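Text of the file input_16.cif, holding mmCIF, C-alpha atoms:
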```cif
data_query
loop_
_atom_site.label_atom_id
_atom_site.label_comp_id
_atom_site.auth_asym_id
_atom_site.auth_seq_id
_atom_site.Cartn_x
_atom_site.Cartn_y
_atom_site.Cartn_z
CA MET V 297 9.19 -61.90 69.95
CA MET V 298 8.91 -61.97 66.17
CA GLN V 299 5.54 -60.17 66.35
CA VAL V 300 7.02 -57.40 68.48
CA LEU V 301 9.89 -56.91 66.00
CA TYR V 302 7.42 -56.90 63.10
CA LYS V 303 5.28 -54.21 64.78
CA GLN V 304 8.37 -52.08 65.52
CA LYS V 305 9.50 -52.44 61.90
CA ARG V 306 6.08 -51.38 60.61
CA LEU V 307 6.11 -48.38 62.97
CA ILE V 308 9.59 -47.34 61.70
CA MET V 309 8.44 -47.67 58.07
CA LYS V 310 5.39 -45.49 58.77
CA LYS V 311 7.59 -42.85 60.39
CA PHE V 312 10.01 -43.06 57.43
CA LEU V 313 7.19 -42.69 54.90
CA LEU V 314 5.73 -39.80 56.88
CA ALA V 315 9.13 -38.13 57.07
CA SER V 316 9.64 -38.69 53.33
CA SER V 317 6.24 -37.19 52.56
CA ILE V 318 7.00 -34.18 54.72
CA ALA V 319 10.41 -33.83 53.07
CA LEU V 320 8.82 -34.11 49.63
CA ILE V 321 6.26 -31.43 50.52
CA PHE V 322 9.02 -29.16 51.81
CA SER V 323 11.11 -29.75 48.69
CA GLN V 324 8.11 -28.91 46.46
CA VAL V 325 7.47 -25.71 48.42
CA ALA V 326 11.15 -24.82 48.23
CA PHE V 327 11.19 -25.47 44.47
CA SER V 328 8.07 -23.36 44.04
CA ASN V 329 9.65 -20.51 46.00
CA GLU V 330 12.81 -20.87 43.96
CA GLN V 331 10.78 -20.49 40.76
CA LYS V 332 9.12 -17.37 42.11
CA GLN V 333 12.50 -15.89 43.09
CA GLU V 334 14.19 -16.80 39.83
CA LEU V 335 13.43 -13.53 38.06
CA PRO V 336 14.51 -11.20 40.93
CA GLN V 337 17.61 -13.34 41.45
CA SER V 338 18.43 -13.13 37.74
CA ARG V 339 18.01 -9.35 37.80
CA PHE V 340 20.29 -9.14 40.83
CA GLU V 341 22.93 -11.26 39.13
CA SER V 342 22.78 -9.11 36.00
CA LEU V 343 23.14 -5.88 37.97
CA THR V 344 25.98 -7.43 39.95
CA LYS V 345 27.71 -8.29 36.66
CA LEU V 346 27.39 -4.69 35.46
CA THR V 347 28.73 -3.34 38.75
CA GLN V 348 31.61 -5.83 38.58
CA VAL V 349 32.58 -4.70 35.08
CA ILE V 350 32.47 -1.02 36.02
CA GLY V 351 34.58 -1.70 39.11
CA THR V 352 37.11 -3.74 37.11
CA VAL V 353 37.46 -1.02 34.47
CA GLU V 354 37.91 1.62 37.15
CA LYS V 355 40.60 -0.42 38.88
CA TYR V 356 42.60 -1.97 36.02
CA TYR V 357 42.10 0.08 32.83
CA VAL V 358 45.35 1.49 31.48
CA ASP V 359 44.21 5.11 31.75
CA ASP V 360 42.85 6.70 34.90
CA ILE V 361 39.12 7.14 34.21
CA LYS V 362 36.81 8.57 36.82
CA LEU V 363 33.73 6.59 37.81
CA GLU V 364 31.33 9.19 36.37
CA ALA V 365 33.01 8.96 32.95
CA ILE V 366 32.85 5.15 33.02
CA VAL V 367 29.14 5.19 33.87
CA ASN V 368 28.43 7.75 31.12
CA LYS V 369 30.24 5.56 28.58
CA ALA V 370 28.26 2.54 29.75
CA ILE V 371 24.97 4.43 29.32
CA LYS V 372 26.04 5.71 25.90
CA GLY V 373 26.97 2.22 24.74
CA LEU V 374 23.66 0.79 25.97
CA MET V 375 21.64 3.39 24.07
CA GLU V 376 23.60 2.83 20.86
CA GLU V 377 23.05 -0.92 21.05
CA LEU V 378 19.27 -0.51 21.37
CA ASP V 379 18.63 1.27 18.06
CA ALA V 380 19.89 4.13 15.91
CA HIS V 381 17.55 6.70 17.50
CA SER V 382 18.03 6.03 21.22
CA THR V 383 20.88 8.05 22.67
CA PHE V 384 22.44 9.44 25.84
CA LEU V 385 22.14 13.22 26.15
CA ASP V 386 24.84 14.65 28.38
CA LYS V 387 24.64 18.25 29.59
CA LYS V 388 25.97 19.67 26.32
CA SER V 389 23.71 17.54 24.12
CA THR V 390 20.64 18.35 26.25
CA LYS V 391 21.29 22.07 25.84
CA GLU V 392 21.81 21.74 22.07
CA MET V 393 18.59 19.75 21.69
CA SER V 394 16.65 22.45 23.52
CA ILE V 395 18.11 25.14 21.24
CA GLN V 396 17.35 23.12 18.10
CA THR V 397 13.65 22.61 18.88
CA ASN V 398 13.37 26.35 19.47
CA GLY V 399 14.46 27.02 15.88
CA GLU V 400 18.12 28.07 16.21
CA PHE V 401 21.25 25.98 16.65
CA GLY V 402 24.89 25.66 15.65
CA GLY V 403 26.30 23.29 13.05
CA LEU V 404 26.00 22.41 9.36
CA GLY V 405 22.24 22.44 8.95
CA ILE V 406 22.10 18.76 8.13
CA THR V 407 19.94 15.98 9.56
CA VAL V 408 21.44 12.49 9.51
CA GLY V 409 20.32 9.00 10.49
CA MET V 410 21.44 5.40 10.24
CA ARG V 411 20.07 3.41 7.31
CA ASP V 412 21.22 -0.20 6.92
CA GLY V 413 24.20 0.60 9.16
CA ALA V 414 25.36 3.54 7.02
CA LEU V 415 25.43 7.19 8.09
CA THR V 416 22.86 8.70 5.72
CA VAL V 417 21.75 12.27 5.09
CA ILE V 418 18.03 12.52 5.78
CA SER V 419 18.02 16.06 4.48
CA PRO V 420 19.92 19.35 4.41
CA ILE V 421 17.86 22.22 5.81
CA ASP V 422 16.99 24.98 3.33
CA GLY V 423 19.43 27.89 3.27
CA THR V 424 21.97 26.33 5.64
CA PRO V 425 25.72 25.76 4.99
CA ALA V 426 25.13 22.09 4.09
CA TYR V 427 22.34 23.03 1.66
CA LYS V 428 24.45 25.73 -0.01
CA ALA V 429 27.45 23.37 -0.25
CA GLY V 430 25.40 20.89 -2.26
CA VAL V 431 24.68 18.13 0.26
CA LYS V 432 21.65 16.10 -0.86
CA ALA V 433 19.12 13.83 0.81
CA GLY V 434 20.22 10.21 0.49
CA ASP V 435 23.95 10.98 0.48
CA ILE V 436 25.90 8.38 2.47
CA ILE V 437 28.64 10.04 4.54
CA LEU V 438 31.79 7.95 4.15
CA LYS V 439 34.23 10.22 5.97
CA ILE V 440 34.09 13.22 8.29
CA ASP V 441 37.34 15.09 7.73
CA ASN V 442 39.79 12.17 7.73
CA LYS V 443 37.77 9.83 9.95
CA SER V 444 35.86 6.92 8.48
CA THR V 445 32.22 6.64 9.54
CA LEU V 446 32.20 2.84 9.24
CA ASN V 447 31.28 1.41 12.66
CA MET V 448 30.86 4.97 13.95
CA SER V 449 27.83 5.66 16.13
CA LEU V 450 25.27 8.28 15.15
CA ASP V 451 26.02 10.29 18.28
CA GLU V 452 29.77 10.28 17.57
CA ALA V 453 29.21 11.39 13.98
CA VAL V 454 26.97 14.26 15.05
CA SER V 455 29.55 15.36 17.63
CA LEU V 456 32.28 15.43 14.98
CA MET V 457 30.18 17.55 12.63
CA ARG V 458 29.38 20.09 15.32
CA GLY V 459 31.90 22.83 16.00
CA LYS V 460 32.55 26.54 16.25
CA PRO V 461 30.91 28.81 13.68
CA LYS V 462 33.08 29.82 10.69
CA THR V 463 35.25 26.69 10.96
CA LYS V 464 35.57 24.35 7.96
CA ILE V 465 34.77 20.67 7.78
CA ASP V 466 35.13 18.20 4.91
CA ILE V 467 32.70 15.38 4.40
CA THR V 468 33.11 12.65 1.81
CA VAL V 469 29.85 11.28 0.48
CA VAL V 470 28.72 8.46 -1.76
CA ARG V 471 25.88 9.61 -3.99
CA LYS V 472 23.61 7.59 -6.22
CA GLY V 473 24.49 8.18 -9.86
CA GLU V 474 28.05 9.34 -9.15
CA ASN V 475 30.97 7.13 -10.18
CA LYS V 476 33.18 8.08 -7.24
CA PRO V 477 32.84 9.62 -3.76
CA LEU V 478 32.42 13.40 -3.56
CA LYS V 479 34.35 15.58 -1.15
CA ILE V 480 32.30 18.53 0.10
CA THR V 481 33.71 21.39 2.16
CA ILE V 482 31.26 23.09 4.50
CA VAL V 483 31.74 26.12 6.74
CA ARG V 484 29.95 25.71 10.07
CA ASP V 485 27.58 28.45 11.17
CA ILE V 486 24.79 29.29 13.59
CA ILE V 487 21.68 27.78 12.04
CA LYS V 488 18.57 29.92 12.14
CA ILE V 489 15.55 28.17 10.73
CA ASP V 490 12.61 29.83 9.02
CA SER V 491 10.39 26.79 9.30
CA VAL V 492 7.47 28.00 7.15
CA PHE V 493 7.43 29.82 3.81
CA VAL V 494 4.16 31.05 2.31
CA LYS V 495 4.03 31.90 -1.39
CA THR V 496 1.41 32.25 -4.11
CA ILE V 497 1.22 30.68 -7.56
CA ASN V 498 -0.78 32.59 -10.20
CA LYS V 499 -2.56 34.38 -7.34
CA ASP V 500 -5.13 31.58 -6.85
CA LEU V 501 -2.88 28.76 -5.60
CA LEU V 502 -1.10 28.75 -2.25
CA TYR V 503 2.36 27.22 -1.77
CA LEU V 504 3.23 26.23 1.82
CA ARG V 505 6.80 25.07 2.43
CA ILE V 506 7.67 23.52 5.83
CA THR V 507 11.40 22.94 6.31
CA SER V 508 11.15 21.38 9.79
CA PHE V 509 8.52 20.97 12.49
CA ASP V 510 9.74 23.31 15.20
CA LYS V 511 7.46 24.95 17.76
CA ASN V 512 6.39 27.77 15.42
CA VAL V 513 4.96 25.75 12.52
CA THR V 514 1.23 25.58 13.30
CA LYS V 515 1.08 29.25 14.26
CA SER V 516 2.85 30.30 11.04
CA LEU V 517 0.55 28.14 8.91
CA ILE V 518 -2.55 29.65 10.53
CA GLU V 519 -1.24 33.15 9.76
CA GLY V 520 -0.53 32.20 6.14
CA LEU V 521 -3.91 30.54 5.59
CA ASN V 522 -5.83 33.41 7.17
CA LYS V 523 -3.99 35.85 4.93
CA HIS V 524 -4.97 33.92 1.78
CA LYS V 525 -8.57 32.85 2.36
CA ASN V 526 -9.65 33.03 -1.26
CA ILE V 527 -7.18 30.53 -2.71
CA LYS V 528 -8.49 27.66 -4.84
CA GLY V 529 -5.89 25.03 -3.95
CA ILE V 530 -2.87 24.31 -1.75
CA ILE V 531 0.53 22.73 -2.36
CA LEU V 532 2.19 21.60 0.89
CA ASP V 533 5.91 21.06 0.28
CA LEU V 534 7.51 18.66 2.79
CA ARG V 535 10.52 17.69 0.69
CA ASN V 536 13.75 17.36 2.68
CA ASN V 537 11.81 17.96 5.90
CA PRO V 538 13.52 15.76 8.55
CA GLY V 539 10.69 16.03 11.08
CA GLY V 540 10.51 17.60 14.51
CA LEU V 541 7.80 17.96 17.12
CA LEU V 542 4.84 15.56 17.07
CA THR V 543 2.52 18.27 18.43
CA GLN V 544 3.26 20.45 15.39
CA ALA V 545 2.67 17.57 12.97
CA ILE V 546 -0.73 16.91 14.58
CA GLY V 547 -1.51 20.64 14.59
CA THR V 548 -0.68 20.87 10.87
CA VAL V 549 -2.98 18.01 9.86
CA ASP V 550 -5.72 19.42 12.09
CA LEU V 551 -5.83 22.58 9.95
CA PHE V 552 -6.93 20.54 6.92
CA VAL V 553 -8.81 17.54 8.36
CA ASN V 554 -12.00 18.05 10.39
CA SER V 555 -12.48 14.59 11.93
CA GLY V 556 -10.98 11.15 12.43
CA VAL V 557 -7.63 9.82 13.60
CA ILE V 558 -4.48 11.74 12.68
CA VAL V 559 -1.93 9.35 14.16
CA SER V 560 -1.63 6.79 16.93
CA GLN V 561 1.30 5.35 18.80
CA LYS V 562 1.78 1.91 20.32
CA GLY V 563 4.46 0.85 22.76
CA ARG V 564 5.68 -2.56 23.92
CA ASP V 565 2.16 -3.42 25.08
CA LEU V 566 0.14 -3.19 21.86
CA THR V 567 -3.08 -2.75 23.85
CA ASP V 568 -1.68 0.48 25.29
CA GLU V 569 -2.47 2.69 22.30
CA GLU V 570 -2.69 6.48 22.27
CA LYS V 571 -4.67 8.10 19.47
CA PHE V 572 -4.74 11.72 18.34
CA TYR V 573 -7.88 13.00 16.63
CA ALA V 574 -8.69 15.91 14.34
CA LYS V 575 -11.16 18.55 15.51
CA SER V 576 -13.56 20.43 13.25
CA SER V 577 -13.10 23.59 15.34
CA THR V 578 -9.49 23.98 14.20
CA THR V 579 -10.00 23.21 10.49
CA LEU V 580 -9.30 26.29 8.35
CA THR V 581 -9.82 25.12 4.78
CA ASP V 582 -11.20 22.33 2.64
CA ALA V 583 -9.45 23.50 -0.54
CA PRO V 584 -7.97 20.72 -2.73
CA MET V 585 -4.42 19.77 -1.70
CA VAL V 586 -1.27 18.23 -3.11
CA VAL V 587 1.63 17.26 -0.82
CA LEU V 588 5.20 17.06 -2.12
CA VAL V 589 7.56 14.51 -0.50
CA ASN V 590 10.89 12.84 -1.25
CA GLY V 591 13.52 10.63 0.36
CA GLY V 592 14.45 13.46 2.73
CA SER V 593 10.93 13.63 4.19
CA ALA V 594 11.05 11.85 7.55
CA SER V 595 9.32 11.42 10.89
CA ALA V 596 6.83 14.26 11.49
CA SER V 597 6.61 15.05 7.77
CA GLU V 598 5.73 11.39 7.12
CA ILE V 599 3.00 11.59 9.75
CA VAL V 600 1.52 14.65 8.05
CA SER V 601 1.70 13.30 4.49
CA GLY V 602 0.52 9.82 5.57
CA ALA V 603 -2.40 11.16 7.61
CA LEU V 604 -3.56 13.40 4.75
CA GLN V 605 -3.23 10.46 2.36
CA ASP V 606 -5.18 8.04 4.57
CA ASN V 607 -7.92 10.61 5.18
CA LYS V 608 -8.29 11.10 1.40
CA ARG V 609 -7.53 14.77 2.00
CA ALA V 610 -4.56 15.22 -0.35
CA VAL V 611 -2.77 13.65 -3.28
CA ILE V 612 0.84 12.77 -2.42
CA VAL V 613 3.35 13.52 -5.18
CA GLY V 614 7.09 12.88 -5.38
CA GLU V 615 9.32 10.05 -4.16
CA LYS V 616 9.10 7.49 -1.36
CA THR V 617 9.90 8.97 2.04
CA PHE V 618 12.68 8.02 4.48
CA GLY V 619 10.75 5.67 6.81
CA LYS V 620 11.41 6.94 10.33
CA GLY V 621 8.29 6.11 12.35
CA SER V 622 9.51 5.43 15.87
CA VAL V 623 8.69 7.55 18.92
CA GLN V 624 11.46 8.86 21.14
CA ALA V 625 10.84 10.24 24.61
CA VAL V 626 13.38 12.38 26.45
CA LEU V 627 13.56 10.95 29.97
CA PRO V 628 15.61 12.62 32.74
CA ILE V 629 18.22 10.58 34.61
CA VAL V 630 19.25 13.30 37.07
CA LYS V 631 17.04 15.50 39.25
CA ASP V 632 17.84 18.82 37.54
CA ARG V 633 17.12 17.29 34.08
CA SER V 634 20.51 18.41 32.79
CA GLU V 635 21.23 14.85 31.62
CA ASN V 636 18.69 12.68 29.82
CA ILE V 637 18.23 9.64 27.66
CA LYS V 638 16.32 9.80 24.39
CA LEU V 639 14.64 6.41 24.30
CA THR V 640 12.49 4.74 21.65
CA ILE V 641 9.23 3.97 23.45
CA ALA V 642 6.72 3.39 20.67
CA LYS V 643 5.98 3.38 16.95
CA TYR V 644 3.72 5.67 14.97
CA TYR V 645 0.73 4.23 13.13
CA LEU V 646 -1.28 6.08 10.50
CA PRO V 647 -5.12 6.20 10.44
CA SER V 648 -5.26 3.10 8.22
CA GLY V 649 -3.20 1.17 10.78
CA ARG V 650 -0.01 1.00 8.69
CA THR V 651 3.35 1.82 10.21
CA ILE V 652 5.91 4.27 8.85
CA GLN V 653 8.97 2.64 10.40
CA ALA V 654 11.37 1.32 7.74
CA LYS V 655 8.56 1.52 5.15
CA GLY V 656 7.94 5.20 4.55
CA ILE V 657 5.12 6.79 2.58
CA THR V 658 4.63 5.76 -1.05
CA PRO V 659 3.36 8.69 -3.14
CA ASP V 660 0.11 8.41 -5.05
CA ILE V 661 1.93 9.78 -8.07
CA LEU V 662 5.67 9.31 -8.59
CA SER V 663 7.58 12.37 -9.78
CA TYR V 664 11.32 12.85 -9.94
CA PRO V 665 13.50 15.94 -9.45
CA GLY V 666 14.92 17.93 -12.33
CA LYS V 667 13.73 20.49 -14.81
CA ALA V 668 10.17 20.34 -16.04
CA VAL V 669 9.68 19.01 -19.56
CA ALA V 670 8.51 21.81 -21.81
CA GLY V 671 8.03 22.53 -25.50
CA ASP V 672 9.96 25.18 -27.43
CA ASP V 673 7.04 27.57 -27.24
CA SER V 674 6.76 27.37 -23.45
CA GLN V 675 9.37 30.05 -22.77
CA PHE V 676 8.19 33.18 -21.07
CA GLN V 677 6.51 35.48 -23.58
CA ILE V 678 4.52 38.67 -23.24
CA LYS V 679 2.46 40.72 -25.66
CA GLU V 680 3.66 44.22 -26.53
CA ALA V 681 0.42 45.75 -25.27
CA ASP V 682 0.99 44.26 -21.81
CA LEU V 683 4.72 44.99 -21.61
CA LYS V 684 4.54 48.30 -19.70
CA LYS V 685 2.04 46.88 -17.23
CA HIS V 686 4.19 43.81 -16.65
CA LEU V 687 7.39 45.83 -16.17
CA LYS V 688 5.59 48.09 -13.70
CA GLU V 689 4.51 45.04 -11.68
CA GLU V 690 8.07 43.70 -11.73
CA LEU V 691 9.39 47.04 -10.47
CA GLU V 692 6.88 46.98 -7.63
CA LYS V 693 8.12 43.51 -6.65
CA VAL V 694 11.73 44.75 -6.56
CA ASP V 695 10.80 47.82 -4.50
CA SER V 696 8.76 45.64 -2.15
CA ILE V 697 11.73 43.32 -1.62
CA LYS V 698 13.99 46.27 -0.82
CA LYS V 699 11.50 47.74 1.64
CA ASP V 700 10.63 44.52 3.42
CA ASN V 701 13.27 41.82 3.30
CA LYS V 702 11.33 39.64 5.77
CA LYS V 703 8.32 39.68 3.49
CA SER V 704 10.51 38.60 0.56
CA LYS V 705 11.34 35.40 2.41
CA ASN V 706 7.95 34.51 3.75
CA ASP V 707 5.38 35.85 1.27
CA MET V 708 6.70 35.66 -2.27
CA VAL V 709 5.41 34.57 -5.63
CA ILE V 710 6.44 31.30 -7.26
CA THR V 711 7.71 32.37 -10.69
CA LYS V 712 7.48 30.56 -14.01
CA GLU V 713 11.23 30.07 -13.81
CA ASP V 714 10.85 28.35 -10.41
CA ILE V 715 8.29 25.99 -11.89
CA ALA V 716 10.38 25.30 -15.00
CA ASN V 717 13.35 24.30 -12.82
CA ASP V 718 11.34 22.03 -10.51
CA ASN V 719 9.67 19.07 -12.22
CA GLN V 720 8.03 17.85 -9.00
CA LEU V 721 6.51 21.26 -8.29
CA ASN V 722 5.32 21.48 -11.91
CA SER V 723 3.66 18.06 -11.57
CA ALA V 724 2.03 19.11 -8.30
CA ILE V 725 0.58 22.26 -9.88
CA ASN V 726 -0.89 20.35 -12.82
CA ILE V 727 -2.42 17.73 -10.51
CA LEU V 728 -3.81 20.42 -8.22
CA LYS V 729 -5.45 22.20 -11.16
CA SER V 730 -7.15 18.92 -12.10
CA LEU V 731 -8.39 18.46 -8.51
CA ILE V 732 -9.82 21.99 -8.53
CA ILE V 733 -11.73 21.27 -11.76
CA MET V 734 -13.10 17.99 -10.36
CA SER V 735 -14.20 19.65 -7.10
CA LYS V 736 -16.45 22.14 -8.88
#
```

Rendering of file as structure tokens:
Amino acid sequence: MMQVLYKQKRLIMKKFLLASSIALIFSQVAFSNEQKQELPQSRFESLTKLTQVIGTVEKYYVDDIKLEAIVNKAIKGLMEELDAHSTFLDKKSTKEMSIQTNGEFGGLGITVGMRDGALTVISPIDGTPAYKAGVKAGDIILKIDNKSTLNMSLDEAVSLMRGKPKTKIDITVVRKGENKPLKITIVRDIIKIDSVFVKTINKDLLYLRITSFDKNVTKSLIEGLNKHKNIKGIILDLRNNPGGLLTQAIGTVDLFVNSGVIVSQKGRDLTDEEKFYAKSSTTLTDAPMVVLVNGGSASASEIVSGALQDNKRAVIVGEKTFGKGSVQAVLPIVKDRSENIKLTIAKYYLPSGRTIQAKGITPDILSYPGKAVAGDDSQFQIKEADLKKHLKEELEKVDSIKKDNKKSKNDMVITKEDIANDNQLNSAINILKSLIIMSK
């Protein structure tokens, strides 16, 4: 009897152990599946949380806000929390962006960005209301009309500064070297940008000024260079140039560099790198070059100056640049592309591998703004024998300006007075002359 009971007990124990093993196997499989499903489940929970918040706001918020408005605010807030350059472009903003890249838009003619949490002027655009009113690169905007910019988003600030042409706006700025904030009144206007100015210095030097990289830059530079094929040296002025289209920055460098990398961009996956190369077929000149930059030179202008510096193609003169080296892509969020998000997707890297973001371009030779230092005998003088000839030439210039106002803007001569009033330009000319001598 005892043997029978013992055998039954052993049989039960075997079944129990077998069942336990099976249960353990099932539990391990279940745990493994749970681990695999953890990420999708987490994503689902996060999306559920977002939907719950939107639904709660729609149902209980004190004011009646439509669902579309709530969603737009949620998208806007998300973009602002990512970084200072990612933003939500509603229908109005999308249209304005399209106009701006085509070279004409409404507003103050000022480019702003966030630096260390402060709304900072990257640069005023030449000839615009902000430029004429005395706004300077590096100014920190403290107030827009009577509204403080502290804790204000970049998008909100830009919206406040936009408005109908011929309307006034007051901005209060903090400027380095000033003891107290400055209040500047600006009259809004339609901004028409002449992005490229071509001038000559002493007939043998070419001055190229790029105010922003809109879609017309490369074409205008080609026209200017082809018109002045016999020049001995080039000054490329990128001061207060806030940037623009990457294609135009690449196209600009390609006119002066015949091989090698111009710029590359890397996204979240550092192995996914896109490089842009110079082509010898598009190079127009190998004349010595000097590039002028300052704190208002940003983005595309930093790519150009940095690429020319790394390729040993030009000497960079001026002040350290702004340091905006991130890549934004405009991605549609509706089928008709009337609403988009501008999202930071990568960073720019120069040929040497260095990044621009938050670092900027350090000039080869530092030079500061102001009047050029000159001796007492450096004032404009002319010999009596040459007086009539000189006055005749000056008259021809005046008549030419009257006959062709467009030419006066785009193909003028840099005068001695211009040079005397611009220390950085004076430095660039002297350095360029030295480069020309060394290249012989």

Exercise. Run the PyMOL selection byres ((chain V and resi 447-457) around 7) on the file and write out the hits as a list in words.
Key: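 When the PyMOL selection byres ((chain V and resi 447-457) around 7) is applied to the shown file, the picked residues are Glu376, Ala380, Gly403, Gly409, Met410, Thr445, Leu446, Arg458 and Gly459 of chain V.
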
Self-check item: All residues 12 Å or closer to Pro665 (chain V), all atoms listed in the file, same chain fewer than 2 positions away omitted, as a list of chain:residue names
Solution: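 Here the answer would be V:Lys432, V:Ala433, V:Arg535, V:Leu588, V:Val589, V:Asn590, V:Gly591, V:Val613, V:Gly614, V:Glu615, V:Leu662, V:Ser663, V:Lys667, V:Ala668, V:Val669, V:Ile715, V:Ala716, V:Asn717, V:Asp718, V:Asn719, V:Gln720, V:Leu721, V:Asn722, V:Ser723, V:Ala724.
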
Save the residues we just selected, C-alpha atoms, as a PDB file, keeping the file's coordinate frame?
```pdb
ATOM      1  CA  LYS V 432      21.650  16.100  -0.860  1.00  0.00           C
ATOM      2  CA  ALA V 433      19.120  13.830   0.810  1.00  0.00           C
ATOM      3  CA  ARG V 535      10.520  17.690   0.690  1.00  0.00           C
ATOM      4  CA  LEU V 588       5.200  17.060  -2.120  1.00  0.00           C
ATOM      5  CA  VAL V 589       7.560  14.510  -0.500  1.00  0.00           C
ATOM      6  CA  ASN V 590      10.890  12.840  -1.250  1.00  0.00           C
ATOM      7  CA  GLY V 591      13.520  10.630   0.360  1.00  0.00           C
ATOM      8  CA  VAL V 613       3.350  13.520  -5.180  1.00  0.00           C
ATOM      9  CA  GLY V 614       7.090  12.880  -5.380  1.00  0.00           C
ATOM     10  CA  GLU V 615       9.320  10.050  -4.160  1.00  0.00           C
ATOM     11  CA  LEU V 662       5.670   9.310  -8.590  1.00  0.00           C
ATOM     12  CA  SER V 663       7.580  12.370  -9.780  1.00  0.00           C
ATOM     13  CA  LYS V 667      13.730  20.490 -14.810  1.00  0.00           C
ATOM     14  CA  ALA V 668      10.170  20.340 -16.040  1.00  0.00           C
ATOM     15  CA  VAL V 669       9.680  19.010 -19.560  1.00  0.00           C
ATOM     16  CA  ILE V 715       8.290  25.990 -11.890  1.00  0.00           C
ATOM     17  CA  ALA V 716      10.380  25.300 -15.000  1.00  0.00           C
ATOM     18  CA  ASN V 717      13.350  24.300 -12.820  1.00  0.00           C
ATOM     19  CA  ASP V 718      11.340  22.030 -10.510  1.00  0.00           C
ATOM     20  CA  ASN V 719       9.670  19.070 -12.220  1.00  0.00           C
ATOM     21  CA  GLN V 720       8.030  17.850  -9.000  1.00  0.00           C
ATOM     22  CA  LEU V 721       6.510  21.260  -8.290  1.00  0.00           C
ATOM     23  CA  ASN V 722       5.320  21.480 -11.910  1.00  0.00           C
ATOM     24  CA  SER V 723       3.660  18.060 -11.570  1.00  0.00           C
ATOM     25  CA  ALA V 724       2.030  19.110  -8.300  1.00  0.00           C
TER      26      ALA V 724
END
```

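Nearest to Thr651 (chain V) of all the residues V:Leu542, V:Gly351, V:Asp550, V:Ser622 is V:Ser622, based on all atoms listed in the file.
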
Quiz item: Out of V:Ser597, V:Ser491, V:Thr548, V:Ser634, which residue has the shortest atom-to-atom distance to Ser389 (chain V) when counting only C-alpha atoms?
Solution: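 Under the stated criterion, the closest residue is V:Ser634.
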
Practice problem: Find the residues around Thr468 (chain V) up to 9 Å (all atoms listed in the file counted), leave out those fewer than 3 positions away in its own chain, and share them as a ChimeraX atom specification. | Solution: /V:436-442,477-481

Quiz prompt | Coordinates-based distance that separates CA of Lys388 (chain V) from CA of Lys460 (chain V) (Å, one decimal) | solution =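 Between CA of Lys460 (chain V) and CA of Lys388 (chain V) the gap works out to 13.9 Å.
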
Quiz item: Which of these residues is nearest to Asn537 (chain V), using all atoms listed in the file: V:Ser555, V:Thr617, V:Ser338, V:Asn636?
Solution: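 Checking each of V:Ser555, V:Thr617, V:Ser338, V:Asn636 against Asn537 (chain V), counting all atoms listed in the file, the winner is V:Thr617.
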